[in-house]
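The next block holds one structure in the form of structure tokens; read it before the comments.
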Amino acid sequence: GFGADLGAEKFLNIKCRKADIKPSVVVLVATIRALKMHGGVTKEDLKNENVDAIKSGMSNLKRHVLNMKKFGLPVVIAINHFVADTDNELKTLQKECQNIGVEAIPCYHWAKGGKGTTDLAKKVVELIESPQDFKFLYKDNISLFDKIKTIATEIYDADEVIADSKIHDQLKQFEKNGYGNFPI
């Protein structure tokens, strides 16, 4: 499967901020299997070709791509190829990714070792050498609640964030105690 929400968001907003790291590219790993499952296919039916399920499951991958692009980074999809993946399914995934502005590159490292990821490596180098505009999702100096709200609305697509006055008071106390500039 894949997931560029919680882990990637924490890495980009917290680790990169505190370690002064500026990434150049995001490689999202996706599988035909995961996309088909997101598209409604049961585990028992994964071995059967199902292009429609891939198209349906793309909404999940699309969200992860959009999330990563919010950090100003180029994104490439590494398709972790499985034996049961068909050419039609791979082509469909590549076309669907092209429609959302990213390239999807099949990776055969399980069968061919390093040679099976040469195309991906070349694309990563190409993207690294292009101009970058990495940025954090929020500034250090906004309130803790606004940081929480930004993550919830931008990464998890929440319409709004509501918190009890007890939570607001606790966050204000954290800020008063000198923790307001900490990343969330």
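A note on labels: chains of the structure tokens are A, B, ... as shown, every chain counts residues from 1, and ligands are counted from 1 in their shown order.
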
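Using only C-alpha atoms, the residues found no farther than 7 Å from A:Gly39, other than those of its own chain fewer than 4 positions away, are Leu35, Ala53, Ile54, Ser56 and Gly57 of chain A.
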
Spatial neighbours of stretch 62-68 of chain A, 10 Å, only C-alpha atoms, chain gap at least 3 places, as an mmCIF file with N, CA and C atoms, in the first residue's frame:
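Wrote around-v8.cif, looks like this:
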```cif
data_model
loop_
_atom_site.group_PDB
_atom_site.id
_atom_site.type_symbol
_atom_site.label_atom_id
_atom_site.label_comp_id
_atom_site.auth_asym_id
_atom_site.auth_seq_id
_atom_site.Cartn_x
_atom_site.Cartn_y
_atom_site.Cartn_z
ATOM 1 N N PHE A 2 0.285 2.323 0.371
ATOM 2 C CA PHE A 2 0.998 3.587 0.414
ATOM 3 C C PHE A 2 0.293 4.489 1.408
ATOM 4 N N GLY A 3 0.973 5.488 1.874
ATOM 5 C CA GLY A 3 0.400 6.438 2.812
ATOM 6 C C GLY A 3 1.351 7.588 3.038
ATOM 7 N N ALA A 4 1.057 8.714 2.469
ATOM 8 C CA ALA A 4 1.925 9.881 2.613
ATOM 9 C C ALA A 4 1.220 10.947 3.442
ATOM 10 N N ASP A 5 0.473 10.503 4.418
ATOM 11 C CA ASP A 5 -0.169 11.497 5.262
ATOM 12 C C ASP A 5 0.601 11.611 6.574
ATOM 13 N N ALA A 8 4.763 11.039 6.368
ATOM 14 C CA ALA A 8 5.427 12.053 5.545
ATOM 15 C C ALA A 8 5.180 13.446 6.102
ATOM 16 N N GLU A 9 3.988 13.705 6.548
ATOM 17 C CA GLU A 9 3.669 15.023 7.109
ATOM 18 C C GLU A 9 4.541 15.302 8.328
ATOM 19 N N LEU A 12 8.187 15.900 7.133
ATOM 20 C CA LEU A 12 8.382 17.178 6.448
ATOM 21 C C LEU A 12 8.180 18.369 7.385
ATOM 22 N N VAL A 25 12.762 15.889 -3.539
ATOM 23 C CA VAL A 25 11.760 15.130 -4.286
ATOM 24 C C VAL A 25 11.068 14.161 -3.324
ATOM 25 N N VAL A 26 9.844 13.806 -3.672
ATOM 26 C CA VAL A 26 9.104 12.782 -2.925
ATOM 27 C C VAL A 26 8.871 11.607 -3.858
ATOM 28 N N VAL A 27 9.226 10.412 -3.395
ATOM 29 C CA VAL A 27 8.925 9.188 -4.124
ATOM 30 C C VAL A 27 7.826 8.479 -3.348
ATOM 31 N N LEU A 28 6.648 8.416 -3.944
ATOM 32 C CA LEU A 28 5.534 7.677 -3.348
ATOM 33 C C LEU A 28 5.526 6.275 -3.935
ATOM 34 N N GLY A 57 -9.655 3.348 -7.302
ATOM 35 C CA GLY A 57 -8.715 3.457 -6.193
ATOM 36 C C GLY A 57 -7.758 4.634 -6.300
ATOM 37 N N MET A 58 -7.700 5.259 -7.450
ATOM 38 C CA MET A 58 -6.793 6.388 -7.667
ATOM 39 C C MET A 58 -7.107 7.582 -6.773
ATOM 40 N N SER A 59 -8.332 7.692 -6.286
ATOM 41 C CA SER A 59 -8.661 8.839 -5.433
ATOM 42 C C SER A 59 -7.751 8.877 -4.205
ATOM 43 N N PHE A 71 3.886 20.805 -0.119
ATOM 44 C CA PHE A 71 5.188 21.144 0.443
ATOM 45 C C PHE A 71 6.133 21.695 -0.629
ATOM 46 N N GLY A 72 5.617 21.880 -1.839
ATOM 47 C CA GLY A 72 6.403 22.462 -2.916
ATOM 48 C C GLY A 72 7.397 21.504 -3.547
ATOM 49 N N LEU A 73 7.181 20.203 -3.350
ATOM 50 C CA LEU A 73 8.123 19.211 -3.850
ATOM 51 C C LEU A 73 7.569 18.464 -5.056
ATOM 52 N N PRO A 74 8.442 18.143 -6.027
ATOM 53 C CA PRO A 74 7.996 17.287 -7.122
ATOM 54 C C PRO A 74 7.780 15.870 -6.598
ATOM 55 N N VAL A 75 6.863 15.162 -7.221
ATOM 56 C CA VAL A 75 6.491 13.812 -6.794
ATOM 57 C C VAL A 75 6.625 12.854 -7.970
ATOM 58 N N VAL A 76 7.144 11.669 -7.696
ATOM 59 C CA VAL A 76 7.176 10.584 -8.669
ATOM 60 C C VAL A 76 6.613 9.348 -7.973
ATOM 61 N N ILE A 77 5.901 8.534 -8.731
ATOM 62 C CA ILE A 77 5.315 7.307 -8.190
ATOM 63 C C ILE A 77 6.189 6.123 -8.577
ATOM 64 N N GLU A 96 -3.408 7.334 -15.432
ATOM 65 C CA GLU A 96 -4.120 8.033 -14.356
ATOM 66 C C GLU A 96 -3.172 8.971 -13.604
ATOM 67 N N CYS A 97 -1.941 8.543 -13.387
ATOM 68 C CA CYS A 97 -0.955 9.397 -12.720
ATOM 69 C C CYS A 97 -0.589 10.585 -13.601
ATOM 70 N N ASN A 99 -2.517 12.020 -15.603
ATOM 71 C CA ASN A 99 -3.661 12.935 -15.509
ATOM 72 C C ASN A 99 -3.591 13.846 -14.285
ATOM 73 N N ILE A 100 -2.878 13.409 -13.239
ATOM 74 C CA ILE A 100 -2.742 14.255 -12.045
ATOM 75 C C ILE A 100 -1.355 14.896 -11.955
ATOM 76 N N GLY A 101 -0.608 14.817 -13.053
ATOM 77 C CA GLY A 101 0.647 15.548 -13.147
ATOM 78 C C GLY A 101 1.869 14.876 -12.545
ATOM 79 N N VAL A 102 1.837 13.554 -12.416
ATOM 80 C CA VAL A 102 3.017 12.843 -11.917
ATOM 81 C C VAL A 102 3.308 11.651 -12.809
ATOM 82 N N LEU A 137 4.274 23.366 5.808
ATOM 83 C CA LEU A 137 2.829 23.549 5.691
ATOM 84 C C LEU A 137 2.348 24.759 6.495
ATOM 85 N N GLU A 154 -5.585 20.688 5.582
ATOM 86 C CA GLU A 154 -4.748 20.539 4.389
ATOM 87 C C GLU A 154 -4.376 19.090 4.088
ATOM 88 N N ILE A 155 -4.054 18.306 5.109
ATOM 89 C CA ILE A 155 -3.610 16.933 4.883
ATOM 90 C C ILE A 155 -4.777 15.945 4.936
ATOM 91 N N TYR A 156 -5.673 16.127 5.891
ATOM 92 C CA TYR A 156 -6.765 15.158 6.075
ATOM 93 C C TYR A 156 -8.098 15.627 5.506
ATOM 94 N N ASP A 157 -8.103 16.801 4.861
ATOM 95 C CA ASP A 157 -9.280 17.323 4.163
ATOM 96 C C ASP A 157 -10.463 17.582 5.091
#
```

Checklist entry - If you run DSSP on the backbone, which residues of stretch 3-145 of chain A are strand (DSSP E or B), as a ChimeraX atom specification? => result /A:26-30,75-80,103-107

Checklist entry - So which residues touch A:Ile162 within 10 Å, counting only C-alpha atoms, skipping near sequence neighbours fewer than 5 positions away, as a ChimeraX atom specification? => result /A:145,149,167-168

Selection file, C-alpha atoms, as a compact mmCIF listing (two decimals), in the first residue's frame:
```txt
# COMPACT_ATOMS: atom_id res chain seq x y z
CA PHE A 145 -4.49 25.49 17.39
CA LYS A 149 -6.22 23.19 12.05
CA ILE A 167 -8.50 22.25 24.79
CA HIS A 168 -8.12 25.88 23.70
```
